[in-house]
Each structure stands twice: as C-alpha cells, then as structure tokens.
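Colleague: Okay, so here is entry_34.pdb, and as you'll see once you scroll down, it has PDB, C-alpha atoms and all ligand atoms.
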MODEL        1
ATOM      1  CA  MET A   1      -0.876  23.872  -2.545
ATOM      2  CA  MET A   2      -1.312  20.566  -4.339
ATOM      3  CA  ARG A   3       0.931  17.510  -4.453
ATOM      4  CA  HIS A   4       0.737  14.141  -6.199
ATOM      5  CA  PHE A   5       1.285  10.915  -4.248
ATOM      6  CA  LEU A   6       2.501   8.446  -6.865
ATOM      7  CA  ASN A   7       5.267   6.882  -4.806
ATOM      8  CA  LEU A   8       6.586   7.231  -1.258
ATOM      9  CA  SER A   9       9.562   9.266  -2.481
ATOM     10  CA  ASP A  10       7.149  11.992  -3.654
ATOM     11  CA  ALA A  11       6.633  12.731   0.026
ATOM     12  CA  GLY A  12      10.069  11.845   1.455
ATOM     13  CA  ALA A  13      11.063  10.684   4.927
ATOM     14  CA  ASP A  14      10.081  13.761   6.941
ATOM     15  CA  ALA A  15       6.616  14.030   5.417
ATOM     16  CA  ILE A  16       6.045  10.273   5.794
ATOM     17  CA  ALA A  17       6.927  10.538   9.497
ATOM     18  CA  ALA A  18       4.601  13.535   9.853
ATOM     19  CA  MET A  19       1.779  11.701   8.068
ATOM     20  CA  LEU A  20       2.167   8.614  10.291
ATOM     21  CA  ASP A  21       2.116  10.824  13.348
ATOM     22  CA  ASP A  22      -1.000  12.623  12.172
ATOM     23  CA  ALA A  23      -2.712   9.339  11.253
ATOM     24  CA  LEU A  24      -2.123   7.934  14.731
ATOM     25  CA  THR A  25      -3.273  11.103  16.512
ATOM     26  CA  ARG A  26      -6.398  11.392  14.379
ATOM     27  CA  LYS A  27      -7.178   7.672  14.804
ATOM     28  CA  GLN A  28      -6.875   7.927  18.587
ATOM     29  CA  ALA A  29      -8.950  11.131  18.718
ATOM     30  CA  ARG A  30     -11.953   9.457  17.112
ATOM     31  CA  ALA A  31     -11.733   6.056  18.832
ATOM     32  CA  GLY A  32     -15.238   4.666  19.370
ATOM     33  CA  TRP A  33     -16.974   7.226  17.167
ATOM     34  CA  PRO A  34     -19.475   6.085  14.516
ATOM     35  CA  LYS A  35     -17.544   5.517  11.281
ATOM     36  CA  GLY A  36     -19.507   8.123   9.357
ATOM     37  CA  GLN A  37     -18.964  10.920  11.871
ATOM     38  CA  VAL A  38     -16.774  13.698  10.500
ATOM     39  CA  ASP A  39     -13.564  14.573  12.399
ATOM     40  CA  ALA A  40     -14.079  17.591  14.666
ATOM     41  CA  ASP A  41     -11.998  19.937  12.468
ATOM     42  CA  ALA A  42     -13.406  18.669   9.105
ATOM     43  CA  PRO A  43     -10.133  19.613   7.386
ATOM     44  CA  LEU A  44     -11.223  18.707   3.846
ATOM     45  CA  ALA A  45     -14.762  20.104   4.025
ATOM     46  CA  GLY A  46     -16.040  20.909   0.569
ATOM     47  CA  ARG A  47     -13.435  18.756  -1.235
ATOM     48  CA  VAL A  48     -14.442  15.955  -3.596
ATOM     49  CA  LEU A  49     -12.231  12.932  -4.356
ATOM     50  CA  ALA A  50     -12.851  11.039  -7.617
ATOM     51  CA  MET A  51     -11.684   7.424  -7.697
ATOM     52  CA  ILE A  52     -11.065   5.474 -10.890
ATOM     53  CA  PHE A  53     -10.749   1.694 -10.755
ATOM     54  CA  GLU A  54      -9.360  -0.313 -13.648
ATOM     55  CA  LYS A  55      -8.997  -3.298 -11.314
ATOM     56  CA  ASN A  56     -10.976  -4.835  -8.459
ATOM     57  CA  SER A  57     -10.713  -3.432  -4.946
ATOM     58  CA  THR A  58     -12.345  -3.770  -1.546
ATOM     59  CA  ARG A  59      -9.965  -2.058   0.883
ATOM     60  CA  THR A  60      -8.720   0.802  -1.303
ATOM     61  CA  ARG A  61     -12.212   1.658  -2.514
ATOM     62  CA  VAL A  62     -13.950   1.694   0.865
ATOM     63  CA  SER A  63     -11.081   3.113   2.925
ATOM     64  CA  PHE A  64     -10.560   6.084   0.582
ATOM     65  CA  ASP A  65     -14.302   6.692   0.442
ATOM     66  CA  MET A  66     -14.532   6.716   4.234
ATOM     67  CA  ALA A  67     -11.282   8.696   4.554
ATOM     68  CA  ILE A  68     -12.558  11.656   2.541
ATOM     69  CA  ARG A  69     -15.952  11.489   4.333
ATOM     70  CA  GLN A  70     -14.332  11.537   7.786
ATOM     71  CA  LEU A  71     -12.285  14.555   6.692
ATOM     72  CA  GLY A  72     -15.502  16.352   5.767
ATOM     73  CA  GLY A  73     -15.339  15.808   1.990
ATOM     74  CA  GLN A  74     -17.162  13.628  -0.515
ATOM     75  CA  SER A  75     -16.273  11.019  -3.131
ATOM     76  CA  ILE A  76     -17.224   9.788  -6.596
ATOM     77  CA  VAL A  77     -16.265   6.185  -7.389
ATOM     78  CA  MET A  78     -15.965   5.109 -11.025
ATOM     79  CA  GLU A  79     -15.132   1.884 -12.828
ATOM     80  CA  ALA A  80     -12.811   2.688 -15.737
ATOM     81  CA  GLY A  81     -14.813   0.318 -17.954
ATOM     82  CA  GLN A  82     -17.915   2.459 -17.526
ATOM     83  CA  MET A  83     -16.076   5.683 -18.331
ATOM     84  CA  GLN A  84     -15.068   6.927 -21.772
ATOM     85  CA  LEU A  85     -11.556   6.031 -20.584
ATOM     86  CA  GLY A  86     -12.639   2.438 -21.156
ATOM     87  CA  ARG A  87     -13.497   3.258 -24.793
ATOM     88  CA  GLY A  88     -10.189   4.909 -25.588
ATOM     89  CA  GLU A  89     -10.478   8.483 -24.279
ATOM     90  CA  THR A  90      -6.948   9.376 -23.244
ATOM     91  CA  VAL A  91      -5.727   9.580 -19.681
ATOM     92  CA  ALA A  92      -4.528  13.119 -20.419
ATOM     93  CA  ASP A  93      -7.981  14.279 -21.547
ATOM     94  CA  THR A  94      -9.639  12.512 -18.612
ATOM     95  CA  ALA A  95      -7.227  14.241 -16.229
ATOM     96  CA  ARG A  96      -8.015  17.698 -17.605
ATOM     97  CA  VAL A  97     -11.771  17.145 -17.619
ATOM     98  CA  LEU A  98     -11.913  15.714 -14.063
ATOM     99  CA  SER A  99      -9.718  18.567 -12.794
ATOM    100  CA  GLY A 100     -12.603  20.898 -13.652
ATOM    101  CA  TYR A 101     -15.053  18.933 -11.512
ATOM    102  CA  VAL A 102     -13.244  17.461  -8.519
ATOM    103  CA  ASP A 103     -10.497  18.418  -6.056
ATOM    104  CA  ALA A 104      -8.415  15.208  -6.152
ATOM    105  CA  ILE A 105      -8.156  11.991  -8.182
ATOM    106  CA  MET A 106      -7.192   8.511  -7.014
ATOM    107  CA  ILE A 107      -6.538   5.911  -9.691
ATOM    108  CA  ARG A 108      -5.895   2.148  -9.589
ATOM    109  CA  THR A 109      -4.508   0.982 -12.897
ATOM    110  CA  ASP A 110      -2.551  -1.810 -14.568
ATOM    111  CA  ASP A 111       0.141   0.507 -15.898
ATOM    112  CA  HIS A 112       2.180   2.895 -13.757
ATOM    113  CA  ALA A 113       2.730   5.152 -16.792
ATOM    114  CA  LYS A 114      -0.992   5.978 -16.707
ATOM    115  CA  VAL A 115      -0.757   7.359 -13.148
ATOM    116  CA  GLU A 116       2.201   9.460 -14.229
ATOM    117  CA  GLU A 117       0.263  10.736 -17.242
ATOM    118  CA  MET A 118      -2.735  11.534 -15.032
ATOM    119  CA  ALA A 119      -0.477  13.544 -12.722
ATOM    120  CA  ARG A 120       1.164  15.352 -15.635
ATOM    121  CA  TYR A 121      -2.161  16.628 -16.996
ATOM    122  CA  ALA A 122      -4.294  17.005 -13.852
ATOM    123  CA  SER A 123      -4.359  20.324 -12.059
ATOM    124  CA  VAL A 124      -5.520  18.600  -8.849
ATOM    125  CA  PRO A 125      -3.642  16.046  -6.687
ATOM    126  CA  VAL A 126      -3.359  12.515  -8.113
ATOM    127  CA  ILE A 127      -2.936   9.488  -5.814
ATOM    128  CA  ASN A 128      -1.655   6.043  -6.823
ATOM    129  CA  GLY A 129      -4.177   3.473  -5.582
ATOM    130  CA  LEU A 130      -1.980   0.584  -6.893
ATOM    131  CA  THR A 131      -0.233   0.061 -10.215
ATOM    132  CA  ASP A 132       1.787  -2.796 -11.656
ATOM    133  CA  ALA A 133       4.866  -1.073 -10.188
ATOM    134  CA  SER A 134       3.920   0.061  -6.680
ATOM    135  CA  HIS A 135       1.343   0.344  -3.897
ATOM    136  CA  PRO A 136       2.469   3.263  -1.702
ATOM    137  CA  CYS A 137      -0.857   3.714   0.145
ATOM    138  CA  GLN A 138      -0.637   0.123   1.364
ATOM    139  CA  ILE A 139       2.849   0.638   2.725
ATOM    140  CA  MET A 140       1.815   3.790   4.603
ATOM    141  CA  ALA A 141      -0.759   1.604   6.377
ATOM    142  CA  ASP A 142       1.863  -1.081   6.990
ATOM    143  CA  LEU A 143       4.280   1.430   8.528
ATOM    144  CA  LEU A 144       1.484   2.755  10.733
ATOM    145  CA  THR A 145       0.670  -0.801  11.855
ATOM    146  CA  ILE A 146       4.309  -1.537  12.664
ATOM    147  CA  ILE A 147       4.627   1.636  14.752
ATOM    148  CA  GLU A 148       1.326   0.927  16.517
ATOM    149  CA  SER A 149       2.653  -2.532  17.447
ATOM    150  CA  GLY A 150       5.359  -0.786  19.463
ATOM    151  CA  LYS A 151       8.280  -1.190  17.028
ATOM    152  CA  SER A 152      10.215   1.742  15.663
ATOM    153  CA  LEU A 153      11.187   1.804  12.001
ATOM    154  CA  PRO A 154      14.921   2.606  12.030
ATOM    155  CA  GLY A 155      16.958  -0.600  12.206
ATOM    156  CA  LEU A 156      13.958  -2.912  11.835
ATOM    157  CA  LYS A 157      14.448  -6.136   9.864
ATOM    158  CA  VAL A 158      11.601  -6.893   7.453
ATOM    159  CA  ALA A 159      11.430 -10.248   5.645
ATOM    160  CA  TRP A 160       9.454 -10.563   2.410
ATOM    161  CA  LEU A 161       8.511 -13.988   1.073
ATOM    162  CA  GLY A 162       7.333 -14.915  -2.404
ATOM    163  CA  ASP A 163       6.614 -12.802  -5.450
ATOM    164  CA  GLY A 164       8.805  -9.769  -6.156
ATOM    165  CA  ASN A 165       5.784  -7.607  -6.910
ATOM    166  CA  ASN A 166       4.332  -4.076  -6.633
ATOM    167  CA  VAL A 167       3.833  -4.283  -2.855
ATOM    168  CA  LEU A 168       7.438  -5.349  -2.316
ATOM    169  CA  ALA A 169       8.617  -2.453  -4.513
ATOM    170  CA  SER A 170       6.952   0.026  -2.150
ATOM    171  CA  ILE A 171       8.280  -1.722   0.972
ATOM    172  CA  VAL A 172      11.764  -1.509  -0.470
ATOM    173  CA  GLU A 173      11.267   2.174  -1.259
ATOM    174  CA  ALA A 174      10.098   2.747   2.324
ATOM    175  CA  ALA A 175      13.186   0.942   3.656
ATOM    176  CA  GLY A 176      15.509   3.390   1.913
ATOM    177  CA  LEU A 177      13.548   6.385   3.169
ATOM    178  CA  MET A 178      12.841   5.264   6.734
ATOM    179  CA  HIS A 179      16.138   3.402   7.384
ATOM    180  CA  PHE A 180      15.030  -0.168   7.938
ATOM    181  CA  ASP A 181      16.272  -3.330   6.204
ATOM    182  CA  VAL A 182      14.404  -5.647   3.867
ATOM    183  CA  VAL A 183      15.509  -9.151   2.926
ATOM    184  CA  ALA A 184      13.292 -10.543   0.177
ATOM    185  CA  ALA A 185      13.292 -14.271  -0.541
ATOM    186  CA  CYS A 186      11.939 -14.800  -4.039
ATOM    187  CA  PRO A 187      12.226 -17.736  -6.423
ATOM    188  CA  GLN A 188      14.295 -17.484  -9.589
ATOM    189  CA  GLY A 189      12.358 -15.605 -12.257
ATOM    190  CA  PHE A 190      10.126 -13.785  -9.750
ATOM    191  CA  GLN A 191      12.624 -11.432  -8.133
ATOM    192  CA  PRO A 192      11.992  -7.673  -8.015
ATOM    193  CA  ASP A 193      13.597  -5.398 -10.631
ATOM    194  CA  ASP A 194      17.134  -4.300  -9.867
ATOM    195  CA  GLU A 195      15.831  -0.739 -10.150
ATOM    196  CA  ALA A 196      13.413  -1.296  -7.247
ATOM    197  CA  ILE A 197      16.232  -2.672  -5.091
ATOM    198  CA  THR A 198      18.511   0.254  -5.979
ATOM    199  CA  ARG A 199      15.857   2.662  -4.688
ATOM    200  CA  ALA A 200      16.415   1.234  -1.188
ATOM    201  CA  SER A 201      19.899   2.794  -1.052
ATOM    202  CA  GLY A 202      21.570  -0.411   0.140
ATOM    203  CA  ARG A 203      18.852  -1.351   2.667
ATOM    204  CA  ALA A 204      17.334  -4.183   0.592
ATOM    205  CA  ARG A 205      18.697  -7.445  -0.732
ATOM    206  CA  VAL A 206      17.225 -10.448  -2.499
ATOM    207  CA  VAL A 207      18.016 -14.025  -1.475
ATOM    208  CA  ALA A 208      16.832 -17.426  -2.668
ATOM    209  CA  ASP A 209      16.515 -19.108   0.749
ATOM    210  CA  PRO A 210      13.309 -18.267   2.665
ATOM    211  CA  ARG A 211      14.956 -19.153   6.005
ATOM    212  CA  GLU A 212      17.781 -16.704   5.378
ATOM    213  CA  ALA A 213      15.230 -13.918   4.842
ATOM    214  CA  VAL A 214      13.221 -14.685   7.960
ATOM    215  CA  GLU A 215      16.166 -15.313  10.321
ATOM    216  CA  GLY A 216      15.907 -12.747  13.139
ATOM    217  CA  ALA A 217      13.188 -10.730  11.369
ATOM    218  CA  ASP A 218      10.953  -8.294  13.273
ATOM    219  CA  ILE A 219       8.281  -8.299  10.566
ATOM    220  CA  VAL A 220       7.370 -11.048   8.073
ATOM    221  CA  VAL A 221       5.375 -10.005   5.014
ATOM    222  CA  THR A 222       3.918 -11.796   2.040
ATOM    223  CA  ASP A 223       1.307 -11.222  -0.661
ATOM    224  CA  THR A 224      -0.666 -13.197  -3.190
ATOM    225  CA  TRP A 225       1.428 -15.229  -5.616
ATOM    226  CA  ILE A 226      -0.778 -14.196  -8.530
ATOM    227  CA  SER A 227      -1.412 -10.453  -8.726
ATOM    228  CA  MET A 228      -4.396  -8.944 -10.533
ATOM    229  CA  GLY A 229      -3.963  -9.185 -14.282
ATOM    230  CA  GLN A 230      -1.460 -12.068 -14.062
ATOM    231  CA  ALA A 231      -2.267 -15.489 -15.471
ATOM    232  CA  GLN A 232      -2.792 -18.303 -12.937
ATOM    233  CA  ALA A 233       0.289 -20.360 -13.900
ATOM    234  CA  GLU A 234       0.853 -23.742 -12.282
ATOM    235  CA  THR A 235       4.602 -23.346 -12.796
ATOM    236  CA  LYS A 236       4.572 -20.107 -10.791
ATOM    237  CA  LEU A 237       2.562 -21.657  -7.948
ATOM    238  CA  ALA A 238       5.003 -24.580  -7.818
ATOM    239  CA  ALA A 239       8.011 -22.234  -7.722
ATOM    240  CA  MET A 240       6.401 -20.253  -4.889
ATOM    241  CA  MET A 241       5.498 -23.203  -2.653
ATOM    242  CA  PRO A 242       8.817 -23.254  -0.701
ATOM    243  CA  TYR A 243       8.173 -19.583   0.145
ATOM    244  CA  GLN A 244       4.850 -20.225   1.895
ATOM    245  CA  VAL A 245       4.813 -18.557   5.314
ATOM    246  CA  ASP A 246       4.046 -21.352   7.760
ATOM    247  CA  ALA A 247       4.616 -21.792  11.498
ATOM    248  CA  SER A 248       8.070 -23.321  11.072
ATOM    249  CA  LEU A 249       9.216 -20.351   8.967
ATOM    250  CA  MET A 250       7.719 -17.872  11.465
ATOM    251  CA  ALA A 251       9.665 -19.674  14.208
ATOM    252  CA  GLN A 252      12.927 -18.534  12.552
ATOM    253  CA  ALA A 253      11.938 -14.891  13.052
ATOM    254  CA  LYS A 254      12.258 -13.055  16.382
ATOM    255  CA  PRO A 255       9.887 -14.412  19.067
ATOM    256  CA  ASP A 256       7.929 -11.128  19.012
ATOM    257  CA  ALA A 257       7.861 -10.924  15.200
ATOM    258  CA  LYS A 258       4.636  -9.797  13.540
ATOM    259  CA  PHE A 259       3.035 -10.967  10.303
ATOM    260  CA  LEU A 260       1.608  -8.579   7.684
ATOM    261  CA  HIS A 261      -0.346  -9.198   4.471
ATOM    262  CA  CYS A 262      -2.015  -6.461   2.406
ATOM    263  CA  LEU A 263      -4.955  -8.807   1.601
ATOM    264  CA  PRO A 264      -6.770 -10.355  -0.144
ATOM    265  CA  ALA A 265      -5.120 -13.549   1.124
ATOM    266  CA  HIS A 266      -5.071 -17.083  -0.210
ATOM    267  CA  ARG A 267      -4.837 -19.357   2.810
ATOM    268  CA  GLY A 268      -2.892 -22.493   1.957
ATOM    269  CA  GLU A 269      -0.927 -20.703  -0.768
ATOM    270  CA  GLU A 270       1.296 -17.802   0.317
ATOM    271  CA  VAL A 271       0.428 -18.291   4.008
ATOM    272  CA  THR A 272      -1.026 -21.020   6.201
ATOM    273  CA  PRO A 273      -4.199 -20.375   8.236
ATOM    274  CA  GLU A 274      -2.312 -20.880  11.527
ATOM    275  CA  VAL A 275      -0.021 -17.935  10.705
ATOM    276  CA  ILE A 276      -2.444 -15.471   9.124
ATOM    277  CA  ASP A 277      -5.128 -16.186  11.737
ATOM    278  CA  GLY A 278      -2.640 -16.629  14.563
ATOM    279  CA  THR A 279      -1.471 -14.397  17.397
ATOM    280  CA  GLN A 280       1.447 -12.848  15.479
ATOM    281  CA  SER A 281      -0.766 -11.642  12.639
ATOM    282  CA  LEU A 282      -1.709  -7.947  12.477
ATOM    283  CA  ILE A 283      -3.799  -8.164   9.296
ATOM    284  CA  TRP A 284      -7.014  -6.651  10.649
ATOM    285  CA  ALA A 285      -5.264  -3.628  12.160
ATOM    286  CA  GLU A 286      -3.286  -3.329   8.918
ATOM    287  CA  ALA A 287      -6.470  -3.304   6.828
ATOM    288  CA  GLU A 288      -8.141  -0.742   9.107
ATOM    289  CA  ASN A 289      -5.033   1.421   8.984
ATOM    290  CA  ARG A 290      -5.539   1.928   5.238
ATOM    291  CA  LEU A 291      -8.285   4.355   6.311
ATOM    292  CA  HIS A 292      -6.197   6.236   8.861
ATOM    293  CA  ALA A 293      -3.051   6.393   6.697
ATOM    294  CA  GLN A 294      -4.985   7.629   3.673
ATOM    295  CA  LYS A 295      -6.579  10.457   5.637
ATOM    296  CA  ALA A 296      -3.034  11.675   6.236
ATOM    297  CA  ILE A 297      -2.089  11.156   2.575
ATOM    298  CA  LEU A 298      -5.112  13.198   1.473
ATOM    299  CA  ARG A 299      -4.203  15.996   3.888
ATOM    300  CA  TRP A 300      -0.588  15.933   2.671
ATOM    301  CA  CYS A 301      -1.782  16.217  -0.938
ATOM    302  CA  PHE A 302      -3.595  19.432   0.014
ATOM    303  CA  GLY A 303      -0.588  20.816   1.869
ATOM    304  CA  GLN A 304      -2.061  20.340   5.335
ATOM    305  CA  ILE A 305       0.806  18.098   6.546
ATOM    306  CA  GLY A 306       4.551  18.293   5.937
TER
HETATM  307  N1  LIG B   1      -4.738  -4.291  -0.118
HETATM  308  C1  LIG B   1      -5.507  -3.759  -1.069
HETATM  309  O1  LIG B   1      -5.107  -2.836  -1.812
HETATM  310  O2  LIG B   1      -6.769  -4.301  -1.146
HETATM  311  P1  LIG B   1      -7.864  -4.038  -2.258
HETATM  312  O3  LIG B   1      -7.368  -4.679  -3.531
HETATM  313  O4  LIG B   1      -9.101  -4.708  -1.738
HETATM  314  O5  LIG B   1      -8.046  -2.562  -2.448
HETATM  315  N1  LIG B   2       0.038  -7.627  -5.543
HETATM  316  C1  LIG B   2      -1.401  -7.565  -5.472
HETATM  317  C2  LIG B   2      -1.834  -6.585  -4.449
HETATM  318  C3  LIG B   2      -3.324  -6.487  -4.251
HETATM  319  C4  LIG B   2      -3.722  -5.467  -3.234
HETATM  320  C5  LIG B   2      -1.958  -7.205  -6.836
HETATM  321  O1  LIG B   2      -1.372  -6.356  -7.524
HETATM  322  O2  LIG B   2      -2.969  -7.799  -7.223
ENDMDL
END
Give the structure from this file in structure tokens form.
Modeller:
Amino acid sequence: MMRHFLNLSDAGADAIAAMLDDALTRKQARAGWPKGQVDADAPLAGRVLAMIFEKNSTRTRVSFDMAIRQLGGQSIVMEAGQMQLGRGETVADTARVLSGYVDAIMIRTDDHAKVEEMARYASVPVINGLTDASHPCQIMADLLTIIESGKSLPGLKVAWLGDGNNVLASIVEAAGLMHFDVVAACPQGFQPDDEAITRASGRARVVADPREAVEGADIVVTDTWISMGQAQAETKLAAMMPYQVDASLMAQAKPDAKFLHCLPAHRGEEVTPEVIDGTQSLIWAEAENRLHAQKAILRWCFGQIG
C-alpha cells in the first residue's frame, strides 16, 4: 500500500486522529532514549526516504531525517539546485527516476503544482514538506501539541493573526476535518484565498480586527509576515504591525490559552519576546512534535496506520 500526503484531506479525519494517537504513544514509549536509537519495532526498516529542498529548512529537514531513522529506515537529503531538477529536468522525470531508487519522497517547493506532479508520476509515496499553498506536516505537529497540552480538538477556538499564508491554509483545512473553529485576523490584501476558507466547511472566518479574532480563543497562532520567496516589502510590514501578537492581545484570549508558531520566528515583528518566550508559548514542544507527527505520517504513507 502506498499513499501520498499532499494535504490533510488526503488522510481525512479518522486517519489524522489515528496518526496523532500513534505519534503520542510512540513518543511516550521512547521518552528518554538517545535520539538515534531505533524504535523497538523498527516499522520502516529497509525503507529509504529521499528529501528534495527547493527552499531553506531546519525543522523539516532534521525532523524527517530523524523520523525515518527512528523508524528503522534511512534518508537522502538533496538541494534541488544541486540536482538536474535545478537545470530544468522535469518533476515528472525526477519522480520516475527516484521511484526506482527510494521508497518515499518528501519535497519542499515554491509551487504546489510541482508536488502534485511529483505524486502523479512517482510510484512511491510523496509528502508535501511545504509549498506556497500549504504546510500539512506542520499542522499535524500543531494538532499533536494542542492535544498534549490537554485540550481536545472538537469545539476549540483557534485565532490566527497576520498573513493569510500557507500555514493558515492547512490550519483551516484541519478545522474543517477535526471540527474546531478558526478566526483569522488578516489585513486587507493579505487575507487567505476564499477557496482555502471554503475547505473549512463553515468552521473558518476572516476578520479585520485582531481583538475580535483573539477574543475567547484557546489557541493563538501566528507566522512570519514575509514567507520564503516573498519580497521584504515595507508596506506589508506596516500593514501587519497591528496584528503583532503581544501581551495585551494574548490577554483577550482565554486565561489558559496557548501560543503556537511554526518557526522560524521574528521577535518584534509578528510576536513580541514576552509572548513567544513566555509561559503560554508551546513553541519548543511544537517544534519537537514535527518529529513525532512525521513518524506517523510516514507510517500512514506505507499503510501502517489508518
Ligand atoms: N516550521 C518549519 O517548517 O520550519 P523549517 O522551515 O525550518 O523546516
Ligand atoms: N509561511 C512560512 C513558513 C515557514 C515554515 C514560509 O512559507 O516561509
């Protein structure tokens, strides 16, 4: 069995719940072990994951590399610019060639259509490691972090502040699948696509007022104002400033609200140091959970979960 993980809807609600469950169990089972020690059952022994990066990465690169190692497999990490892909070899040809060598492919690219093309031509599972349109692996880690904090997903209120970007698109998709609500406060001109909001089946809405979004929220989330590949525009930074997550905005959320950020962060821009480094912030658990969530995603891709 092989499945592609391009968006959360490829898995669906039941499989997402099963993956989160598995991630938590597996994480707890190896608590305190050396990071390089393989899980007792080595469920992906003999499998090789190839990773292709068209953009920078710290978390996705290292967490996927360690995920496949802990599952008993191995990885090959490639920069697209050093591959023939970077000189114009097609995604389709790359997909067919790599399918002869490796057991799964993860790709981070600027253009979501390239991930879709990779999946169309690969005969092994393809995983979206971030595109311009979505970041489903990140949101699996976020959901895991929320559950670990003691909150359950159905009925949760999530507030998003700032840019209507790829990370928000996956949060919104998760809201529709897992039955929680998202209120995104984004400035004019930087709102998410209507199509992304529609995918939430009525569980997401966009507002202009940051306080309206955060009012009574269980979870407050933001991300960089300038995503990879976007120009650093002073006009955009100025438009975003009222959406900075600071202590007074956090005070509008529930008293036990938690703060999430996929990282890398820009302290003093999208979030103040007192919030991101404060007691409500779960960013380090969230970053670590990329590893645990992706082990479950890899196992799902091979038909071992769900
Ligand atoms: N959050 C995230 O995807 O981080 P990297 O860009 O470091 O992979
Ligand atoms: N929105 C950010 C996420 C980085 C993990 C970007 O696309 O650069």
Colleague: Output the neighbourhood of ligand LIG 1 (chain B) as a ChimeraX atom specification, that is, all protein and nucleic acid residues with some atom at most 10 Å from the ligand, counting all atoms listed in the file.
Modeller: /A:53,55-64,108,129-130,135-139,141,167,223,227-228,261-265,286-287,290
Colleague: Can you work out which one of A:His292, A:Ala11, A:His112, A:Gly306 has the shortest atom-to-atom distance to Ile68 (chain A), counting all atoms listed in the file?
Modeller: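 Closest candidate: A:His292.
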Colleague: If we count all atoms listed in the file and set the cut-off at 12 Å, which residues sit around region 189-206 of chain A, ignoring sequence neighbours fewer than 6 positions away in its own chain? Please answer as a PyMOL selection string.
Modeller: chain A and resi 7-9+132-134+154-183+212-214+225-226+235-237+239-240+243
Colleague: Given 8 Å on each side, where is the centre and what are the edge lengths in Å to one decimal of the axis-aligned box enclosing the listed atoms of region 87-91 of chain A, as JSON?
Modeller:
{"center_x": -9.6, "center_y": 6.4, "center_z": -22.6, "size_x": 23.8, "size_y": 22.3, "size_z": 21.9}
Colleague: Counting only C-alpha atoms, find residues at most 12 Å from (-17.6, 14.8, 10.3) (file frame) and give them as an MDAnalysis selection string.
Modeller: chainID A and resid 30 33:46 66:74
Colleague: Mind listing as a list in words all residues within 9 Å of (-7.7, 14.9, -10.5), counting only C-alpha atoms?
Modeller: Leu49, Ala50, Met51, Thr94, Ala95, Arg96, Val97, Leu98, Ser99, Gly100, Tyr101, Val102, Asp103, Ala104, Ile105, Met106, Met118, Ala119, Tyr121, Ala122, Ser123, Val124, Pro125, Val126 and Ile127 of chain A
Colleague: Which is closest to Met250 (chain A) among A:Ser281, A:Gln232, A:Gln84, A:Ser152, if we use all atoms listed in the file?
Modeller: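 Of all the options, A:Ser281 lies closest to Met250 (chain A).
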